[in-house]
Amino acid sequence: MQALASSTTAAAAARSATLQRFLQQFQGHYDNHAQVASDLAAGLTPREGGGHEHIHCHLRPVTLPDAVDGQHVIASYYFNGQPSAIFRERLYAIDALDDAQFGPCIRMRIYKLREDTQAQLRASDVEVVWCAASALDDELHVPNADVFWRWCGERFEGRMRADSVEIVSEHSGRRLKVRDDVALWADSLWVNDRGCDAETGAYVYGNIHDIPYKMSRVSERHWTATGQAPPAAS
């Protein structure tokens with residue numbers, strides 16, 4: 001009985017340590033401007049051209065007072081180093097668990113944002129008041145799209161339960177078949193998110209060669225984080 005208790009305590013401590021490592025890395029600014037420059041030098045343009053769009057991901061922890069036991073991160077994704085060009089914004093609810101499919105892992109549940117919350121985030125003179133009862137409402141949860149991250153010795157690797165899921169596009173209203181696998185290091189975030197039309201299989205977004213968007217950590221003063229013009233080439 002004592003051995004079982006010790007084993008349970010050790011497993012809980014390991015989950016906690018893995019969660020803290022994940023949270024330390026899963027924050028800040030990540031950007032793939034170097035990958036885009038490499039694509040262009042090779043003659044690759046975004047989308048059907050085989051290259052990648054210029055994408056920036058800003059991750060920042062938020063506190064939901066009525067969900068004190070959870071960890072939450074707001075993620076803003078935008079184009080071309082311009083914080084005003086946001087194309088996706090999500091709230092992630094993060095916890096550690098021993099999952100039947102993935103074993104010891106980090107679960108990341110994905111929630112859409114309400115319009116009033118998005119407006120508050122855009123307003124520089126307004127502080128967002130987070131409330132779990134509203135922000136984590138079941139109607140905002142993206143179904144079947146939870147990501148499960150496992151520590152693989154040098155990085156975290158994340159995937160959904162199924163190889164793909166179907167969602168309804170917020171932009172077009174079409175049903176999309178989405179595949180997504182991700183990887184996280186202390187200084188890099190790779191996102192291989194791609195979607196096609198669920199009925200026709202036609203390409204909608206992502207890299208056509210299944211090459212991840214390879215974002216590297218940048219400082220909050222980097223031009224892609226501030227929205228300033230890129231430095232002139234020497």
# chains A, B, ... in the order shown; residues from 1 in each chain; ligands from 1
$ closest_atom_pairs --of "region 57-165 of chain A" --to "region 15-38 of chain A" --cutoff "8 Å" --atoms "only C-alpha atoms" --output "Markdown table"
| residue | atom | partner | partner_atom | distance |
| --- | --- | --- | --- | --- |
| A:Cys57 | CA | A:Tyr30 | CA | 5.1 |
| A:His58 | CA | A:His29 | CA | 4.6 |
| A:Leu59 | CA | A:Gln27 | CA | 4.5 |
| A:Arg60 | CA | A:Gln27 | CA | 5.3 |
| A:Pro61 | CA | A:Gln27 | CA | 7.0 |
| A:Val73 | CA | A:Gln27 | CA | 7.9 |
| A:Asp95 | CA | A:Leu19 | CA | 7.2 |
| A:Ala96 | CA | A:Arg15 | CA | 5.9 |
| A:Leu97 | CA | A:Arg15 | CA | 7.0 |
| A:Pro104 | CA | A:Arg15 | CA | 7.0 |
| A:Cys105 | CA | A:Arg15 | CA | 7.5 |
| A:Ile106 | CA | A:Leu19 | CA | 6.6 |
| A:Trp151 | CA | A:Thr18 | CA | 7.5 |
| A:Phe156 | CA | A:Phe22 | CA | 7.7 |
$ select_by_dssp --residues "region 61-205 of chain A" --states "strand (DSSP E or B)" --output "number ranges by chain"
A: 61-62, 71-79, 86-99, 103-111, 141, 147-151, 156-159, 165-168, 175-184, 188-197, 203-205
$ select_by_dssp --residues "chain A" --states "helix (DSSP H, G or I)" --output "PyMOL selection string"
chain A and resi 2-25+33-41+47-49+115-122+132-135+138-140+223-226
$ residues_around --residues "Gly70 (chain A)" --least-positions-apart "6" --cutoff "9 Å" --atoms "only C-alpha atoms" --output "PDB file with C-alpha atoms, in the first residue's frame"
ATOM      1  CA  THR A  63      -5.856  34.275 -15.178  1.00  0.00           C
ATOM      2  CA  LEU A  64      -9.470  33.210 -14.900  1.00  0.00           C
ATOM      3  CA  ALA A  93      -7.108  25.531 -21.284  1.00  0.00           C
ATOM      4  CA  ILE A  94      -4.094  23.448 -20.256  1.00  0.00           C
ATOM      5  CA  ASP A  95      -3.697  20.639 -17.749  1.00  0.00           C
TER       6      ASP A  95
END
$ atom_distance --atom1 "CA of Leu91 (chain A)" --atom2 "CA of Tyr111 (chain A)"
5.1 Å
$ residues_around --residues "Glu127 (chain A)" --least-positions-apart "5" --cutoff "12 Å" --atoms "only C-alpha atoms" --output "ChimeraX atom specification"
/A:62,116-122
$ write_last_selection --atoms "N, CA and C atoms" --output "PDB file, in the first residue's frame"
ATOM      1  N   VAL A  62      -3.097  33.922 -19.094  1.00  0.00           N
ATOM      2  CA  VAL A  62      -4.158  34.752 -18.526  1.00  0.00           C
ATOM      3  C   VAL A  62      -4.717  34.036 -17.303  1.00  0.00           C
ATOM      4  N   ASP A 116     -17.212  40.175 -27.947  1.00  0.00           N
ATOM      5  CA  ASP A 116     -16.911  41.258 -27.006  1.00  0.00           C
ATOM      6  C   ASP A 116     -15.527  41.083 -26.387  1.00  0.00           C
ATOM      7  N   THR A 117     -15.097  39.832 -26.197  1.00  0.00           N
ATOM      8  CA  THR A 117     -13.752  39.586 -25.677  1.00  0.00           C
ATOM      9  C   THR A 117     -12.711  40.013 -26.697  1.00  0.00           C
ATOM     10  N   GLN A 118     -12.938  39.694 -27.975  1.00  0.00           N
ATOM     11  CA  GLN A 118     -12.017  40.120 -29.021  1.00  0.00           C
ATOM     12  C   GLN A 118     -11.926  41.639 -29.086  1.00  0.00           C
ATOM     13  N   ALA A 119     -13.069  42.315 -28.942  1.00  0.00           N
ATOM     14  CA  ALA A 119     -13.066  43.780 -28.975  1.00  0.00           C
ATOM     15  C   ALA A 119     -12.274  44.348 -27.805  1.00  0.00           C
ATOM     16  N   GLN A 120     -12.403  43.749 -26.635  1.00  0.00           N
ATOM     17  CA  GLN A 120     -11.652  44.215 -25.470  1.00  0.00           C
ATOM     18  C   GLN A 120     -10.149  44.015 -25.676  1.00  0.00           C
ATOM     19  N   LEU A 121      -9.767  42.908 -26.301  1.00  0.00           N
ATOM     20  CA  LEU A 121      -8.352  42.657 -26.564  1.00  0.00           C
ATOM     21  C   LEU A 121      -7.765  43.686 -27.526  1.00  0.00           C
ATOM     22  N   ARG A 122      -8.590  44.207 -28.426  1.00  0.00           N
ATOM     23  CA  ARG A 122      -8.114  45.191 -29.406  1.00  0.00           C
ATOM     24  C   ARG A 122      -8.005  46.595 -28.820  1.00  0.00           C
TER      25      ARG A 122
END
$ closest_residue --among "A:Phe87, A:Trp223, A:Phe79, A:Trp185" --to "Glu170 (chain A)" --atoms "only C-alpha atoms"
A:Phe87
$ atom_distance --atom1 "CA of Gln101 (chain A)" --atom2 "CA of Ala162 (chain A)"
10.6 Å
$ closest_residue --among "A:Ile74, A:Met215, A:Ile86, A:Val128" --to "Asn192 (chain A)" --atoms "only C-alpha atoms"
A:Met215
$ residues_around --residues "region 112-114 of chain A" --least-positions-apart "6" --cutoff "8 Å" --atoms "only C-alpha atoms" --output "ChimeraX atom specification"
/A:89-91,135,140-142
$ write_last_selection --atoms "C-alpha atoms" --output "tab-separated table (two decimals), in the first residue's frame"
chain	number	residue	atom	x	y	z
A	89	GLU	CA	-7.32	33.97	-31.79
A	90	ARG	CA	-7.96	31.21	-29.27
A	91	LEU	CA	-8.03	30.55	-25.54
A	135	ALA	CA	-14.90	31.97	-21.71
A	140	LEU	CA	-17.00	27.88	-27.58
A	141	HIS	CA	-15.05	24.63	-27.27
A	142	VAL	CA	-13.75	23.42	-30.65
$ residues_around --residues "Ala183 (chain A)" --least-positions-apart "3" --cutoff "8 Å" --atoms "only C-alpha atoms" --output "number ranges by chain"
A: 155-158, 189-191
$ write_last_selection --atoms "C-alpha atoms" --output "PDB file, in the first residue's frame"
ATOM      1  CA  ARG A 155      10.851  18.722 -27.334  1.00  0.00           C
ATOM      2  CA  PHE A 156       7.106  18.474 -26.847  1.00  0.00           C
ATOM      3  CA  GLU A 157       5.133  16.891 -29.678  1.00  0.00           C
ATOM      4  CA  GLY A 158       1.396  17.447 -29.955  1.00  0.00           C
ATOM      5  CA  LEU A 189       7.303  26.357 -32.272  1.00  0.00           C
ATOM      6  CA  TRP A 190       6.476  24.321 -35.372  1.00  0.00           C
ATOM      7  CA  VAL A 191       2.868  24.201 -36.538  1.00  0.00           C
TER       8      VAL A 191
END
$ atom_distance --atom1 "CA of Ala11 (chain A)" --atom2 "CA of Arg150 (chain A)"
14.6 Å
$ residues_around --residues "His222 (chain A)" --least-positions-apart "2" --cutoff "12 Å" --atoms "only C-alpha atoms" --output "PyMOL selection string"
chain A and resi 28-31+33+56+81-82+216-220+224-231
